[in-house]
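Novice: Please read through the structure below; I'll follow up with questions.
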Amino acid sequence: MACGPLIADVGRQPERHAVPVGIPIEAQRAAVGATLRRLGVSEDSWRVDVSAHPFSEAVSRRDTRVTTRYESESLESLLGALHEFGHALYERQIAPELERTNLGQGTSMTIHESQSKLWENHVAYNRAFAPVLPRSLVVAPLRSSPTPSTPSSRRFARH
Amino acid sequence: MTSAAVSHLLDHPLSPRARRRSCALALFTQTSPTRRVLRMPAMAELRARLAELADLSALGGLAGWDQRVMMPPRARPRARTSSPRSTVSRTSLRAPRRSASGSRSWKAVSSTRSTATSSASHGGTSSASAACRQTLSASERRPPPRDRRRGRQRAPNADFAAFAPALARNVELARAYAACFKDAARPYDALLYDFDYGVATERVEATFARLADGLRPADRRCRPAA
């Protein structure tokens, strides 16, 4: 498909209103936790942390770790978390029989990115996803009283 | 279904769909000739080797997560702990068979991601594979560039020169690795196969050419009027 008609079509679209800036990081953290929890991320086999650049790491099928980063001027934290969730979900759905073999991982970077972009572009950016945000921005984070001094309690709430 | 297959399913509770798939796979693996292949000592040894490599890869991932998330103030101890893991992994990948009865070596290449596919499709003759391993091993044994061991001064804003020797060596190693794949039409194909097996450079270039055709008008529109 040529991109020319697509670009011309985009140019005819009315200008979209940007997401309001200045979202408190605590609210973003709550939104990330609540959204991931809604998607099935539980504390017994997942970790959600903060890193300079978001990434996901599938240590095993029962130990999945994703990261995101928080900035007060954007909702990149939520988009990044959902992007990494897509990577992690793909790895978690590999057949258990293939674990600890050279087939027990994603088949290619193309497929991996397609899974992550599915959640970021087609879910998080979708208009139907917007009603989720106001609710999740005010609910409590997955772990409401983190104690930064103990690593185990930093799960889902580390910043 | 054997009791071993049943106990495996009990130990690995799955969703109904995944359970059906697992049952089908268990039945499949119990039939001949698959059963005979899976019970071959060489296959058992190969699976053990792959499991070991997968465990080492998981350890590396865990160390990488720790480095990027917990980030201790000093990187040198982290490098000391991560380096042996990488060395053991590469040694295990290239080591000959451990059974006393066999004299053959696995036709492994230095890519944990696509060991089986690369070996099956690009391993070539055992002599070529051995020569490739020797080339890469010799290259890895070389001392690091002298500039990398220079002091610990704070990096300036424009510090590309400090990275240049390491970058040059990475390029050199990548070229040596690509040269091991004699049947790749272009050197970059071999590197690309590690990420997307079967996707050739020619196809990627064609895809990006179409994208470029569409992006150029957008780029012109976005540029401020001169």
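By order in the structure tokens, chains are A, B, ...; within a chain, residues start at 1; ligands start at 1, following the order shown.
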For chain B, which residues have at least one atom within 6 Å of chain A, if we go by only C-alpha atoms? Write them as a PyMOL selection string, please.

Specialist: chain B and resi 50-51+54+58+69+195-196+214

Novice: Go ahead and save the picked residues with C-alpha atoms, as a PDB file, in the first residue's frame.

Specialist:
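Resulting contents of selection_12.pdb:
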ATOM      1  CA  LEU B  50      19.732 -26.499  25.263  1.00  0.00           C
ATOM      2  CA  ALA B  51      18.205 -26.419  28.743  1.00  0.00           C
ATOM      3  CA  ALA B  54      18.324 -21.462  28.306  1.00  0.00           C
ATOM      4  CA  ALA B  58      17.699 -16.525  31.934  1.00  0.00           C
ATOM      5  CA  VAL B  69      16.395  -1.497  37.465  1.00  0.00           C
ATOM      6  CA  PHE B 195      16.318 -11.351  14.625  1.00  0.00           C
ATOM      7  CA  ASP B 196      14.020 -12.366  11.789  1.00  0.00           C
ATOM      8  CA  GLY B 214       5.355   8.068   1.561  1.00  0.00           C
TER       9      GLY B 214
END

Novice: Which residues, written as an MDAnalysis selection string, have at least one atom at most 8 Å from segment 77-87 of chain A, with only C-alpha atoms counted and residues fewer than 5 positions away on the same chain left out?

Specialist: chainID A and resid 28:29 31:32 36 54:56 66:71 112:113 115:120 124

Novice: Work out how far atom CA of Gly198 of chain B is from atom CA of Ala178 of chain B, in Å to one decimal.

Specialist: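 Between atom CA of Ala178 of chain B and atom CA of Gly198 of chain B the gap works out to 14.8 Å.
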
Novice: Work out how far atom CA of Ala88 of chain A is from atom CA of Ser74 of chain A, in Å to one decimal.

Specialist: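 Atom CA of Ser74 of chain A sits 23.2 Å away from atom CA of Ala88 of chain A.
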
Novice: Could you tell me how far atom CA of Arg47 of chain B lies from atom CA of Thr87 of chain B, in Å and to one decimal?

Specialist: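 Distance between the two atoms: 20.3 Å.
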